[in-house]
Every structure is written in structure tokens, then in C-alpha cells.
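Containing CSV, C-alpha atoms: target27.csv.
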chain,number,residue,atom,x,y,z
A,1,MET,CA,40.3,-33.4,-45.4
A,2,SER,CA,43.2,-32.9,-43.0
A,3,GLY,CA,42.9,-31.2,-39.6
A,4,GLU,CA,44.7,-28.2,-41.1
A,5,GLU,CA,42.4,-28.0,-44.1
A,6,ARG,CA,39.3,-28.4,-41.8
A,7,LEU,CA,40.5,-25.5,-39.6
A,8,ALA,CA,41.1,-23.3,-42.7
A,9,ALA,CA,37.6,-24.2,-43.9
A,10,LEU,CA,36.1,-23.4,-40.4
A,11,HIS,CA,38.0,-20.1,-40.3
A,12,GLU,CA,36.6,-19.2,-43.8
A,13,GLU,CA,33.1,-20.2,-42.7
A,14,LEU,CA,33.3,-17.9,-39.7
A,15,ARG,CA,34.7,-15.1,-41.8
A,16,THR,CA,31.7,-15.3,-44.2
A,17,LEU,CA,29.5,-14.9,-41.0
A,18,GLY,CA,31.3,-11.7,-40.3
A,19,LEU,CA,33.3,-13.2,-37.4
A,20,THR,CA,37.0,-12.2,-36.9
A,21,SER,CA,38.9,-15.0,-35.3
A,22,LEU,CA,42.4,-15.9,-34.1
A,23,VAL,CA,43.5,-19.5,-34.0
A,24,MET,CA,44.8,-20.6,-30.6
A,25,GLY,CA,45.3,-24.0,-28.9
A,26,GLY,CA,46.9,-27.0,-30.5
A,27,HIS,CA,46.7,-25.8,-34.1
A,28,ALA,CA,48.5,-22.5,-33.1
A,29,ALA,CA,51.1,-24.6,-31.3
A,30,ARG,CA,51.6,-26.6,-34.6
A,31,PHE,CA,51.8,-23.5,-36.6
A,32,HIS,CA,54.5,-22.1,-34.3
A,33,GLY,CA,56.6,-25.3,-34.5
A,34,ILE,CA,55.4,-28.1,-32.1
A,35,GLU,CA,54.7,-31.3,-33.9
A,36,ARG,CA,51.6,-32.6,-32.2
A,37,ASN,CA,48.3,-34.1,-33.0
A,38,THR,CA,45.1,-32.2,-32.2
A,39,VAL,CA,41.5,-32.8,-33.0
A,40,ASP,CA,40.0,-29.7,-31.4
A,41,PHE,CA,39.7,-26.3,-33.0
A,42,ASP,CA,40.3,-23.4,-30.6
A,43,LEU,CA,39.5,-19.9,-31.7
A,44,HIS,CA,39.4,-16.5,-30.1
A,45,LEU,CA,36.7,-14.3,-31.5
A,46,ALA,CA,36.2,-10.5,-31.5
A,47,LEU,CA,32.6,-10.3,-30.2
A,48,ASP,CA,30.7,-7.9,-27.9
A,49,ALA,CA,28.3,-9.3,-25.3
A,50,ALA,CA,25.2,-9.1,-27.6
A,51,ALA,CA,27.0,-10.9,-30.5
A,52,TRP,CA,28.3,-13.5,-28.0
A,53,ALA,CA,24.8,-14.2,-26.7
A,54,GLN,CA,23.7,-14.7,-30.3
A,55,LEU,CA,26.6,-17.0,-31.3
A,56,PRO,CA,24.7,-20.3,-31.4
A,57,GLU,CA,22.1,-18.7,-33.7
A,58,THR,CA,24.8,-17.1,-35.8
A,59,LEU,CA,26.7,-20.4,-36.2
A,60,SER,CA,23.4,-22.2,-37.0
A,61,ARG,CA,23.1,-20.1,-40.1
A,62,SER,CA,26.4,-21.6,-41.5
A,63,ARG,CA,27.3,-24.9,-43.0
A,64,LEU,CA,28.3,-26.0,-39.5
A,65,ARG,CA,24.7,-26.9,-38.9
A,66,ALA,CA,25.1,-29.8,-41.4
A,67,GLY,CA,27.5,-31.5,-38.9
A,68,GLY,CA,24.8,-31.5,-36.2
A,69,LEU,CA,25.9,-28.4,-34.4
A,70,THR,CA,25.2,-28.6,-30.7
A,71,GLU,CA,26.5,-26.6,-27.8
A,72,GLY,CA,28.3,-28.4,-25.0
A,73,PRO,CA,29.0,-27.5,-21.4
A,74,SER,CA,31.2,-24.5,-20.4
A,75,TRP,CA,32.5,-23.6,-16.9
A,76,ARG,CA,32.5,-19.9,-17.9
A,77,VAL,CA,29.7,-19.4,-20.5
A,78,ALA,CA,30.2,-15.6,-20.5
A,79,ASP,CA,33.7,-16.0,-21.9
A,80,PHE,CA,34.0,-19.5,-23.4
A,81,ARG,CA,31.7,-21.8,-25.4
A,82,ARG,CA,32.2,-25.3,-26.7
A,83,PHE,CA,30.3,-26.7,-29.8
A,84,VAL,CA,30.2,-30.2,-31.2
A,85,ILE,CA,30.4,-29.7,-35.0
A,86,GLY,CA,30.6,-33.3,-36.2
A,87,ARG,CA,32.2,-36.7,-35.8
A,88,LEU,CA,35.7,-37.8,-36.6
A,89,PRO,CA,36.3,-41.0,-38.6
A,90,ASP,CA,37.1,-42.8,-35.4
A,91,GLY,CA,33.8,-41.8,-33.8
A,92,ARG,CA,35.1,-39.1,-31.5
A,93,GLU,CA,33.4,-35.7,-31.3
A,94,GLU,CA,34.8,-32.9,-33.5
A,95,ARG,CA,34.7,-29.8,-31.3
A,96,LEU,CA,34.9,-26.1,-31.9
A,97,GLU,CA,36.0,-24.2,-28.7
A,98,ILE,CA,35.5,-20.5,-28.8
A,99,TRP,CA,36.8,-17.8,-26.4
A,100,ARG,CA,35.5,-14.2,-26.2
A,101,ARG,CA,37.7,-13.2,-23.3
A,102,ASN,CA,40.5,-15.4,-22.0
A,103,HIS,CA,41.4,-14.7,-18.4
A,104,LEU,CA,45.1,-15.2,-19.2
A,105,LEU,CA,45.2,-13.0,-22.2
A,106,ALA,CA,45.0,-9.3,-23.2
A,107,PRO,CA,41.8,-8.0,-24.9
A,108,PHE,CA,41.3,-9.2,-28.5
A,109,PRO,CA,42.5,-6.0,-30.2
A,110,GLU,CA,45.9,-6.3,-28.5
A,111,LEU,CA,46.1,-10.0,-29.4
A,112,TRP,CA,45.2,-9.2,-33.0
A,113,ALA,CA,47.9,-6.5,-33.2
A,114,ARG,CA,50.5,-9.1,-32.1
A,115,ARG,CA,49.1,-12.0,-34.3
A,116,SER,CA,51.2,-14.2,-36.5
A,117,GLU,CA,49.9,-15.0,-40.0
A,118,GLY,CA,50.9,-17.8,-42.2
A,119,ALA,CA,49.9,-20.5,-44.6
A,120,TYR,CA,48.0,-23.3,-43.0
A,121,GLY,CA,45.6,-25.8,-44.5
A,122,GLY,CA,45.8,-24.1,-47.9
A,123,ARG,CA,44.9,-20.6,-46.7
A,124,VAL,CA,46.6,-17.8,-44.8
A,125,LEU,CA,45.3,-17.8,-41.2
A,126,PRO,CA,45.8,-15.5,-38.3
A,127,PHE,CA,47.2,-17.2,-35.1
A,128,LEU,CA,47.9,-16.0,-31.6
A,129,GLY,CA,51.4,-14.5,-31.5
A,130,LEU,CA,54.0,-16.8,-29.9
A,131,ASP,CA,54.3,-15.0,-26.6
A,132,ASP,CA,50.5,-14.8,-26.2
A,133,LEU,CA,50.2,-18.5,-27.1
A,134,ILE,CA,52.7,-19.3,-24.3
A,135,ARG,CA,50.7,-17.2,-21.9
A,136,SER,CA,47.5,-18.9,-22.9
A,137,LYS,CA,49.0,-22.2,-21.9
A,138,GLU,CA,49.9,-21.2,-18.4
A,139,THR,CA,46.9,-23.1,-17.1
A,140,GLU,CA,46.3,-25.8,-14.4
A,141,ARG,CA,46.9,-28.5,-17.0
A,142,GLU,CA,50.3,-30.4,-16.9
A,143,ASP,CA,50.0,-31.0,-20.7
A,144,ASP,CA,49.9,-27.2,-21.4
A,145,TRP,CA,53.2,-26.7,-19.4
A,146,ARG,CA,54.9,-29.3,-21.7
A,147,ASP,CA,53.9,-27.1,-24.6
A,148,VAL,CA,55.1,-24.0,-22.7
A,149,ALA,CA,58.6,-25.5,-22.3
A,150,LEU,CA,58.8,-26.3,-26.0
A,151,LEU,CA,57.3,-23.0,-27.1
A,152,GLU,CA,59.7,-21.0,-24.9
A,153,GLU,CA,62.6,-22.7,-26.7
A,154,ILE,CA,61.2,-21.8,-30.1
A,155,ALA,CA,60.6,-18.2,-29.0
A,156,ASP,CA,64.1,-17.9,-27.6
A,157,GLU,CA,65.5,-19.3,-30.9
A,158,ARG,CA,63.6,-16.7,-32.9
A,159,ARG,CA,64.7,-13.9,-30.6
A,160,LEU,CA,68.4,-14.9,-31.0
A,161,VAL,CA,68.1,-15.2,-34.7
A,162,ALA,CA,66.6,-11.7,-34.8
A,163,ALA,CA,69.4,-10.3,-32.6
A,164,ARG,CA,71.5,-8.3,-35.1
A,165,ASP,CA,72.5,-5.1,-33.3
A,166,GLU,CA,72.6,-3.8,-29.7
A,167,ALA,CA,68.9,-3.0,-29.6
A,168,THR,CA,67.7,-6.3,-30.9
A,169,THR,CA,70.2,-8.2,-28.9
A,170,ALA,CA,69.2,-6.4,-25.7
A,171,ALA,CA,65.6,-7.2,-26.6
A,172,ALA,CA,66.5,-10.9,-27.0
A,173,LEU,CA,68.3,-11.0,-23.7
A,174,SER,CA,65.5,-9.3,-21.9
A,175,ALA,CA,63.1,-12.1,-22.8
A,176,LEU,CA,65.1,-15.4,-22.8
A,177,ARG,CA,63.3,-18.0,-20.7
A,178,SER,CA,64.7,-21.4,-21.7
A,179,ARG,CA,67.9,-22.9,-20.6
A,180,ARG,CA,68.8,-23.6,-24.3
A,181,GLY,CA,68.3,-19.9,-25.1
A,182,PHE,CA,70.3,-18.8,-22.2
A,183,GLU,CA,73.2,-21.2,-22.8
A,184,ARG,CA,73.4,-20.4,-26.5
A,185,ALA,CA,73.5,-16.7,-25.8
A,186,PHE,CA,76.0,-17.1,-23.0
A,187,ALA,CA,78.3,-19.2,-25.2
A,188,ALA,CA,78.1,-16.6,-27.9
A,189,GLY,CA,79.2,-13.9,-25.4
A,190,LEU,CA,76.0,-11.9,-25.6
A,191,TYR,CA,75.9,-11.6,-21.8
A,192,GLY,CA,79.4,-10.1,-21.9
A,193,GLN,CA,78.6,-6.5,-22.7
A,194,PRO,CA,77.5,-4.5,-19.7
A,195,ALA,CA,75.7,-1.7,-21.6
A,196,MET,CA,73.6,-4.2,-23.5
A,197,LEU,CA,72.9,-6.1,-20.3
A,198,ALA,CA,71.7,-2.9,-18.6
A,199,ARG,CA,69.3,-2.3,-21.5
A,200,ALA,CA,68.0,-5.9,-21.2
A,201,TRP,CA,67.7,-5.6,-17.4
A,202,ALA,CA,65.6,-2.5,-17.8
A,203,MET,CA,63.3,-4.1,-20.4
A,204,ALA,CA,62.9,-7.6,-18.8
A,205,ALA,CA,59.3,-8.3,-17.8
A,206,HIS,CA,59.2,-12.0,-17.2
A,207,PRO,CA,60.6,-13.5,-13.9
A,208,LEU,CA,62.6,-16.2,-15.8
A,209,ALA,CA,64.3,-13.7,-18.0
A,210,VAL,CA,65.0,-11.6,-15.0
A,211,ALA,CA,66.4,-14.7,-13.2
A,212,TYR,CA,68.8,-15.3,-16.1
A,213,LEU,CA,70.0,-11.7,-15.9
A,214,ALA,CA,70.1,-11.2,-12.1
A,215,PRO,CA,73.6,-12.6,-11.4
A,216,PHE,CA,75.2,-10.1,-13.8
A,217,ARG,CA,74.0,-7.2,-11.4
A,218,VAL,CA,73.9,-4.6,-14.2
A,219,GLY,CA,71.1,-2.4,-13.0
A,220,PRO,CA,69.1,-1.2,-10.0
A,221,PRO,CA,67.1,-3.7,-8.0
A,222,ARG,CA,63.9,-4.9,-9.7
A,223,PRO,CA,60.6,-3.7,-8.4
A,224,ALA,CA,58.9,-6.5,-6.4
A,225,ALA,CA,56.5,-7.4,-9.1
A,226,TRP,CA,55.8,-11.1,-8.4
A,227,SER,CA,55.1,-13.3,-5.4
A,228,ALA,CA,57.1,-12.9,-2.2
A,229,ARG,CA,59.1,-16.2,-2.9
A,230,ILE,CA,60.0,-15.2,-6.4
A,231,ASN,CA,60.9,-11.7,-5.5
A,232,GLU,CA,63.1,-13.1,-2.7
A,233,LEU,CA,65.0,-15.3,-5.1
A,234,ILE,CA,65.5,-12.5,-7.6
A,235,ALA,CA,66.7,-9.9,-5.1
A,236,GLY,CA,68.6,-12.4,-2.9
A,237,ALA,CA,70.1,-15.7,-3.9
A,238,LEU,CA,70.3,-15.0,-7.6
A,239,THR,CA,72.5,-11.9,-7.1
A,240,ARG,CA,75.1,-14.0,-5.2
A,241,VAL,CA,75.8,-16.7,-7.8
A,242,THR,CA,78.3,-16.8,-10.6
A,243,PRO,CA,76.5,-16.2,-13.9
A,244,GLY,CA,76.1,-19.3,-16.0
A,245,ALA,CA,77.3,-21.6,-13.2
A,246,THR,CA,75.3,-24.7,-12.1
A,247,ARG,CA,74.2,-22.8,-9.0
A,248,HIS,CA,72.7,-20.1,-11.2
A,249,LEU,CA,70.9,-22.6,-13.4
A,250,ALA,CA,69.6,-24.5,-10.4
A,251,LEU,CA,68.1,-21.3,-8.9
A,252,VAL,CA,66.4,-20.5,-12.3
A,253,GLU,CA,64.9,-24.0,-12.3
A,254,ALA,CA,63.7,-23.5,-8.8
A,255,LEU,CA,62.1,-20.2,-9.8
A,256,ARG,CA,60.6,-21.8,-12.9
A,257,ARG,CA,58.9,-24.4,-10.6
A,258,LEU,CA,57.6,-21.7,-8.3
A,259,TYR,CA,56.3,-19.7,-11.2
A,260,ARG,CA,54.5,-22.7,-12.7
A,261,ALA,CA,53.0,-23.8,-9.4
A,262,GLU,CA,51.7,-20.2,-8.8
A,263,ALA,CA,50.2,-19.9,-12.3
A,264,MET,CA,48.6,-23.3,-12.0
A,265,ALA,CA,47.0,-22.4,-8.6
A,266,ALA,CA,45.8,-19.1,-10.0
A,267,ASP,CA,44.2,-20.7,-13.0
A,268,ARG,CA,42.6,-23.4,-10.8
A,269,LEU,CA,41.2,-20.7,-8.5
A,270,ASP,CA,39.9,-18.7,-11.5
A,271,LYS,CA,38.1,-21.8,-12.8
A,272,GLU,CA,36.6,-22.6,-9.4
A,273,ARG,CA,35.3,-19.0,-9.0
A,274,SER,CA,33.8,-19.1,-12.5
A,275,SER,CA,32.1,-22.4,-11.8
A,276,ALA,CA,30.8,-21.1,-8.5
A,277,ALA,CA,29.4,-18.0,-10.1
A,278,ARG,CA,27.4,-19.9,-12.7
B,279,MET,CA,55.7,-47.9,6.3
B,280,VAL,CA,59.4,-48.8,6.0
B,281,ALA,CA,61.5,-46.1,4.4
B,282,THR,CA,63.6,-47.2,1.5
B,283,GLY,CA,66.1,-44.4,1.6
B,284,ASP,CA,64.9,-43.2,-1.8
B,285,PRO,CA,62.6,-40.2,-1.2
B,286,VAL,CA,60.9,-40.7,-4.6
B,287,ALA,CA,60.1,-44.3,-3.9
B,288,ASP,CA,59.0,-43.4,-0.4
B,289,LEU,CA,56.4,-41.0,-1.8
B,290,ILE,CA,54.9,-43.8,-3.9
B,291,LEU,CA,55.0,-46.3,-1.1
B,292,ALA,CA,53.2,-43.7,1.2
B,293,GLY,CA,50.5,-43.4,-1.4
B,294,ARG,CA,51.3,-39.7,-2.1
B,295,ALA,CA,52.1,-40.3,-5.7
B,296,ASP,CA,51.0,-43.0,-8.2
B,297,THR,CA,54.0,-42.8,-10.6
B,298,VAL,CA,57.7,-42.0,-10.6
B,299,ASP,CA,56.9,-38.9,-12.6
B,300,GLU,CA,54.4,-37.7,-10.1
B,301,ALA,CA,56.7,-38.5,-7.2
B,302,GLU,CA,59.7,-36.7,-8.7
B,303,GLU,CA,57.6,-33.6,-9.3
B,304,LEU,CA,56.2,-33.7,-5.8
B,305,TYR,CA,59.6,-34.2,-4.2
B,306,LEU,CA,61.1,-31.3,-6.1
B,307,ASP,CA,58.2,-28.9,-5.3
B,308,GLU,CA,58.5,-29.8,-1.6
B,309,HIS,CA,62.3,-29.2,-1.5
B,310,LEU,CA,62.8,-25.9,-3.3
B,311,ASP,CA,63.9,-24.2,-0.1
B,312,GLU,CA,66.6,-26.9,0.2
B,313,VAL,CA,67.8,-25.9,-3.3
B,314,VAL,CA,68.4,-22.4,-2.1
B,315,THR,CA,70.2,-23.7,1.0
B,316,LEU,CA,72.4,-25.9,-1.1
B,317,VAL,CA,73.2,-23.0,-3.4
B,318,ALA,CA,74.4,-21.0,-0.4
B,319,SER,CA,76.3,-23.9,1.1
B,320,GLU,CA,80.1,-24.6,1.2
B,321,LEU,CA,79.7,-27.5,-1.3
B,322,SER,CA,82.2,-27.5,-4.1
B,323,ASP,CA,80.8,-26.9,-7.5
B,324,GLU,CA,81.5,-30.6,-8.3
B,325,ALA,CA,79.6,-31.8,-5.1
B,326,PHE,CA,76.8,-29.3,-5.8
B,327,ARG,CA,76.4,-30.6,-9.4
B,328,ALA,CA,76.4,-34.2,-8.1
B,329,HIS,CA,73.9,-33.7,-5.3
B,330,PRO,CA,70.8,-35.9,-6.0
B,331,LEU,CA,68.3,-33.0,-5.5
B,332,ILE,CA,70.2,-30.8,-8.0
B,333,VAL,CA,70.7,-33.6,-10.5
B,334,LEU,CA,66.9,-34.3,-10.4
B,335,LEU,CA,66.0,-30.5,-10.5
B,336,LEU,CA,68.1,-30.0,-13.6
B,337,ALA,CA,67.1,-33.2,-15.3
B,338,ARG,CA,63.4,-32.3,-15.0
B,339,GLY,CA,63.9,-28.6,-15.8
B,340,SER,CA,64.4,-26.7,-19.0
B,341,ARG,CA,66.5,-28.7,-21.5
B,342,PRO,CA,70.2,-27.8,-21.9
B,343,TRP,CA,71.6,-26.6,-25.1
B,344,GLU,CA,73.0,-29.8,-26.8
B,345,ASP,CA,76.8,-30.0,-27.2
B,346,SER,CA,76.3,-30.9,-30.8
B,347,LEU,CA,75.0,-27.5,-31.5
B,348,ARG,CA,78.0,-25.6,-30.1
Do you think you could lay out the structure here as C-alpha cells?
Amino acid sequence: MSGEERLAALHEELRTLGLTSLVMGGHAARFHGIERNTVDFDLHLALDAAAWAQLPETLSRSRLRAGGLTEGPSWRVADFRRFVIGRLPDGREERLEIWRRNHLLAPFPELWARRSEGAYGGRVLPFLGLDDLIRSKETEREDDWRDVALLEEIADERRLVAARDEATTAAALSALRSRRGFERAFAAGLYGQPAMLARAWAMAAHPLAVAYLAPFRVGPPRPAAWSARINELIAGALTRVTPGATRHLALVEALRRLYRAEAMAADRLDKERSSAAR
Amino acid sequence: MVATGDPVADLILAGRADTVDEAEELYLDEHLDEVVTLVASELSDEAFRAHPLIVLLLARGSRPWEDSLR
């Protein structure tokens, strides 16, 4: 059985237990277009506190017990649990990792509303939406940021493919985060229409998308929504460079590094606090 | 420790990084303010593009759109 088929079978097993789940992690990254190997199964479940406390017993009523179901360590057991559900052919543990609340993500109902569904392992499975998957990977781990970079390119590509009129094009420009996405849109002249740029500027919510738009100076100053250093770049140096020039791209990359460093530090701090609270 | 003149190599020799990858990341993260200074400088666009810090920053940043796709 392939990893995809195994995931589909696991999802079905949980469904028969009455558990609603969203696929996240490596399999979600594969679903959205990154070619990578993964042996872990990462799921986000919709569970209240009582059902969460009962989860090991609930799982033990399923066929998972046949694989020698055992719970492993967790640094935040109120939100995240890890189970060994079997052995891979090479002897490694086969692990099922389950979130009830992820500190980087919105509550489950919002994630569910934004989910992506598609064929995977012979069944139709629900996955974290692409933007939520990117957010879930803004962790302290370097590997996750390599995925973020690739997933941002994929997300930008989809946004640009979906840009068919002023509203959808403004929506695309308001969210582009990758250099590929920006350069493609710039070459296509999408940044050349002031009214559309003003709409994009008003909608942009991510500092990288704002950084790509800032030199066009098409709207009022942004509220200071991020760290002091990021706000300073957006309100200062980025308004004084030529759009699309190397100086602009260099400032965006400087901001990208700041954003990543701050996100990694925040995730590390959250993990330390969770570990200390145990 | 004798400086080599290569800031990335110096980070490794000083024991602050184990690999070139780690050293380049560390060097960039410690010189972001210098990027802003270079952006505001009188350097020509050509000189700015050729500056080693900018070359490294862009090389390790988000990938460019390939010419083949244009």
C-alpha cells in the first residue's frame, strides 16, 4: 500500500469513528504540488476537550490497534498528540500526528470552510487550504521554510491563473509573495493600472505582498501592523525605490528574512512556553 | 584567528557556523541593515546589483521567474 493509499485508509478509519479530519503536513504539501517523500500522517481533527481527552480510547476501538497503537511524547498535549500506528518496511515507526488546535492556525471551522478537496490515494480527501498550509509551516524548522518558499510560488501561480477581471486581478496582486509571482505579474503589466493597484493595496494583508506593492504608492500609508523593523521598511525605504528594480527586490528579500526570523522566534517561544507549562 | 577577507569563510573559521549554508544565512541575517543602507546609497544600479551582499541576498532569496517562461 502506498503512503497515499495508507493516508486515505486512515482518513476513512477516523471517519467511521465519527472523527472529522483535515490533512496537513507533508501529504497536504504533496497534494498542493510539492514532490516530496513523507512517512508521517498529520491531521487536524474537530474535537472538543472531552473528545480530545478520550482520543486514545477512541482510536483503540479502530483497526489502528492492530498496528500496536501507542501514544508518544508531545510538547503540548492539550493541542497535539502523536501516536505510533505501525512499522514501515524499513523498520521505522509509522506515526499519526494529530492536532486539535494549532497555534499558527485559525479554529477548525474556519480551516474546514477554506479546505481543498481532491483525489488522493484512491479517495477524495479534505486538505488544509493552500494559504493555511503555508501558515502552518511558519515554524522554527528550516525544512518547513523550504516548503513555504515552494508553496508560495504555487499559490501565486494559482492566483495569477485565476486573475480574469479587475476584481480577481486585484485580489491576486494583493496576495503575491514570491519573486516569481511578482515578476510574472510585473512583466504582464498587471502592476500598471493604478485603480487596480489601489484595490490590491487596500486588500493586502501579508507584509510580503505589501512590500511588492509599496513602491507604487497607490494608497494611504498602511497601518503599522507588524514588527517595528518590518513597518519601518514598508513605510520608509520601500516607498523610495523604483518598482521592479533590483533595489526593490533586495528590500523585499530583506523583509522576507525579517519576517521568517520573527516567525521562527515566535514559534520557538510558543514551544518553550508550552513545554514549561506541562 | 586570521581573517580571510571572505566574511562567510570567517564565520566558519570562527566556529560560528558549521557549513557554508549556515554561514551565508548568518551573514545575511546580520547584515540586513546594510542592505537598507546600500539601497539608499549613491551606487549605480549596476554596482548595486554586483555588490556581494546583494548578490548573496538575491541568490538565497525567492527564486526569480525564469527567462524561459517569458
Non-local contacts of B:Leu336 (9 Å; only C-alpha atoms; under 4 positions in same chain excluded) as a ChimeraX atom specification | /A:249-250,253 /B:331-332,340-342
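Taking atom CA of A:His27 and atom CA of A:Phe83 as the two end points, the separation is 17.0 Å.
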Close residues, A:Leu190 itself excluded, 10 Å, all atoms listed in the file, min 6 positions apart in chain, as number ranges by chain | A: 160, 163, 166, 169-170, 172-173, 182, 184, 196-197
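Near chain A, within 8 Å and using all atoms listed in the file, the residues of chain B are Asp307, Leu310, Val313, Val314, Val317, Ala318, Asp323, Phe326, Arg327, Ile332, Leu335, Leu336, Gly339, Ser340, Arg341, Pro342, Trp343, Glu344 and Arg348 of chain B.
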For the atom pair atom CA of B:Glu312 and atom CA of B:Arg338, what is the interatomic distance in Å to one decimal place?
-> 16.4 Å
At most 12 Å from (35.4, -22.6, -28.9), file frame, all atoms listed in the file: which residues, as a PyMOL selection string?
-> chain A and resi 10-11+14+21-25+40-45+52+55-56+59+70-74+76-77+79-85+94-102
Could you tell me which of A:Ala265, A:Ala9, A:Leu208, A:Ala224 comes closest to A:Glu142 if we count all atoms listed in the file?
-> A:Ala265
To one decimal in Å, tell me the separation between atom CA of A:Glu5 and atom CA of A:Tyr120.
-> 7.4 Å
Could you give me, as a ChimeraX atom specification, the residues within 10 Å of A:Lys271, counting all atoms listed in the file and dropping anything in the same chain fewer than 5 positions from it?
-> /A:75-76,103,139-140,265-266,276-277
Keeping only C-alpha atoms, take the residues you just selected and write them out as a CSV table (one decimal), in the coordinates of the input.
chain,number,residue,atom,x,y,z
A,75,TRP,CA,32.5,-23.6,-16.9
A,76,ARG,CA,32.5,-19.9,-17.9
A,103,HIS,CA,41.4,-14.7,-18.4
A,139,THR,CA,46.9,-23.1,-17.1
A,140,GLU,CA,46.3,-25.8,-14.4
A,265,ALA,CA,47.0,-22.4,-8.6
A,266,ALA,CA,45.8,-19.1,-10.0
A,276,ALA,CA,30.8,-21.1,-8.5
A,277,ALA,CA,29.4,-18.0,-10.1
Could you check which of A:Arg159, A:His32, A:Arg141, A:Arg65 is closest to A:Arg115, using all atoms listed in the file?
-> A:His32
Identify, on the basis of all atoms listed in the file, every residue whose closest approach to A:Arg217 does not exceed 9 Å; exclude the query and any residue fewer than 3 positions from it along the same chain; express the result as a ChimeraX atom specification.
-> /A:198,201,213-214,220-221,239
Filtering to C-alpha atoms, could you give me those residues as a PDB file, in the coordinates of the input?
ATOM      1  CA  ALA A 198      71.700  -2.900 -18.600  1.00  0.00           C
ATOM      2  CA  TRP A 201      67.700  -5.600 -17.400  1.00  0.00           C
ATOM      3  CA  LEU A 213      70.000 -11.700 -15.900  1.00  0.00           C
ATOM      4  CA  ALA A 214      70.100 -11.200 -12.100  1.00  0.00           C
ATOM      5  CA  PRO A 220      69.100  -1.200 -10.000  1.00  0.00           C
ATOM      6  CA  PRO A 221      67.100  -3.700  -8.000  1.00  0.00           C
ATOM      7  CA  THR A 239      72.500 -11.900  -7.100  1.00  0.00           C
TER       8      THR A 239
END
9 Å contact set for A:Pro207, only C-alpha atoms, chain neighbours under 3 positions out, as an MDAnalysis selection string = chainID A and resid 177 204 210:212 225:226 230:231 234 255:256 259
Missing atoms in stretch 199-214 of chain A: can you complete it with N, CA and C atoms, as a PDB file, in the frame of the given file?
ATOM      1  N   ARG A 199      70.515  -2.538 -20.684  1.00  0.00           N
ATOM      2  CA  ARG A 199      69.300  -2.300 -21.500  1.00  0.00           C
ATOM      3  C   ARG A 199      68.333  -3.489 -21.302  1.00  0.00           C
ATOM      4  N   ALA A 200      68.886  -4.687 -21.368  1.00  0.00           N
ATOM      5  CA  ALA A 200      68.000  -5.900 -21.200  1.00  0.00           C
ATOM      6  C   ALA A 200      67.405  -5.921 -19.841  1.00  0.00           C
ATOM      7  N   TRP A 201      68.182  -5.598 -18.825  1.00  0.00           N
ATOM      8  CA  TRP A 201      67.700  -5.600 -17.400  1.00  0.00           C
ATOM      9  C   TRP A 201      66.514  -4.644 -17.284  1.00  0.00           C
ATOM     10  N   ALA A 202      66.633  -3.479 -17.895  1.00  0.00           N
ATOM     11  CA  ALA A 202      65.600  -2.500 -17.800  1.00  0.00           C
ATOM     12  C   ALA A 202      64.296  -2.924 -18.490  1.00  0.00           C
ATOM     13  N   MET A 203      64.447  -3.719 -19.561  1.00  0.00           N
ATOM     14  CA  MET A 203      63.300  -4.100 -20.400  1.00  0.00           C
ATOM     15  C   MET A 203      62.637  -5.423 -19.855  1.00  0.00           C
ATOM     16  N   ALA A 204      63.393  -6.267 -19.173  1.00  0.00           N
ATOM     17  CA  ALA A 204      62.900  -7.600 -18.800  1.00  0.00           C
ATOM     18  C   ALA A 204      61.625  -7.548 -18.016  1.00  0.00           C
ATOM     19  N   ALA A 205      60.656  -8.346 -18.421  1.00  0.00           N
ATOM     20  CA  ALA A 205      59.300  -8.300 -17.800  1.00  0.00           C
ATOM     21  C   ALA A 205      58.918  -9.647 -17.197  1.00  0.00           C
ATOM     22  N   HIS A 206      59.571 -10.705 -17.634  1.00  0.00           N
ATOM     23  CA  HIS A 206      59.200 -12.000 -17.200  1.00  0.00           C
ATOM     24  C   HIS A 206      60.172 -12.505 -16.106  1.00  0.00           C
ATOM     25  N   PRO A 207      59.691 -13.098 -15.020  1.00  0.00           N
ATOM     26  CA  PRO A 207      60.600 -13.500 -13.900  1.00  0.00           C
ATOM     27  C   PRO A 207      61.729 -14.411 -14.356  1.00  0.00           C
ATOM     28  N   LEU A 208      61.483 -15.278 -15.338  1.00  0.00           N
ATOM     29  CA  LEU A 208      62.600 -16.200 -15.800  1.00  0.00           C
ATOM     30  C   LEU A 208      63.657 -15.418 -16.504  1.00  0.00           C
ATOM     31  N   ALA A 209      63.270 -14.479 -17.346  1.00  0.00           N
ATOM     32  CA  ALA A 209      64.300 -13.700 -18.000  1.00  0.00           C
ATOM     33  C   ALA A 209      65.068 -12.846 -17.020  1.00  0.00           C
ATOM     34  N   VAL A 210      64.374 -12.327 -16.023  1.00  0.00           N
ATOM     35  CA  VAL A 210      65.000 -11.600 -15.000  1.00  0.00           C
ATOM     36  C   VAL A 210      65.998 -12.483 -14.188  1.00  0.00           C
ATOM     37  N   ALA A 211      65.571 -13.723 -13.974  1.00  0.00           N
ATOM     38  CA  ALA A 211      66.400 -14.700 -13.200  1.00  0.00           C
ATOM     39  C   ALA A 211      67.699 -14.993 -13.982  1.00  0.00           C
ATOM     40  N   TYR A 212      67.609 -15.076 -15.305  1.00  0.00           N
ATOM     41  CA  TYR A 212      68.800 -15.300 -16.100  1.00  0.00           C
ATOM     42  C   TYR A 212      69.770 -14.102 -16.024  1.00  0.00           C
ATOM     43  N   LEU A 213      69.210 -12.902 -15.897  1.00  0.00           N
ATOM     44  CA  LEU A 213      70.000 -11.700 -15.900  1.00  0.00           C
ATOM     45  C   LEU A 213      70.539 -11.283 -14.524  1.00  0.00           C
ATOM     46  N   ALA A 214      69.821 -11.702 -13.481  1.00  0.00           N
ATOM     47  CA  ALA A 214      70.100 -11.200 -12.100  1.00  0.00           C
ATOM     48  C   ALA A 214      71.544 -11.318 -11.665  1.00  0.00           C
TER      49      ALA A 214
END
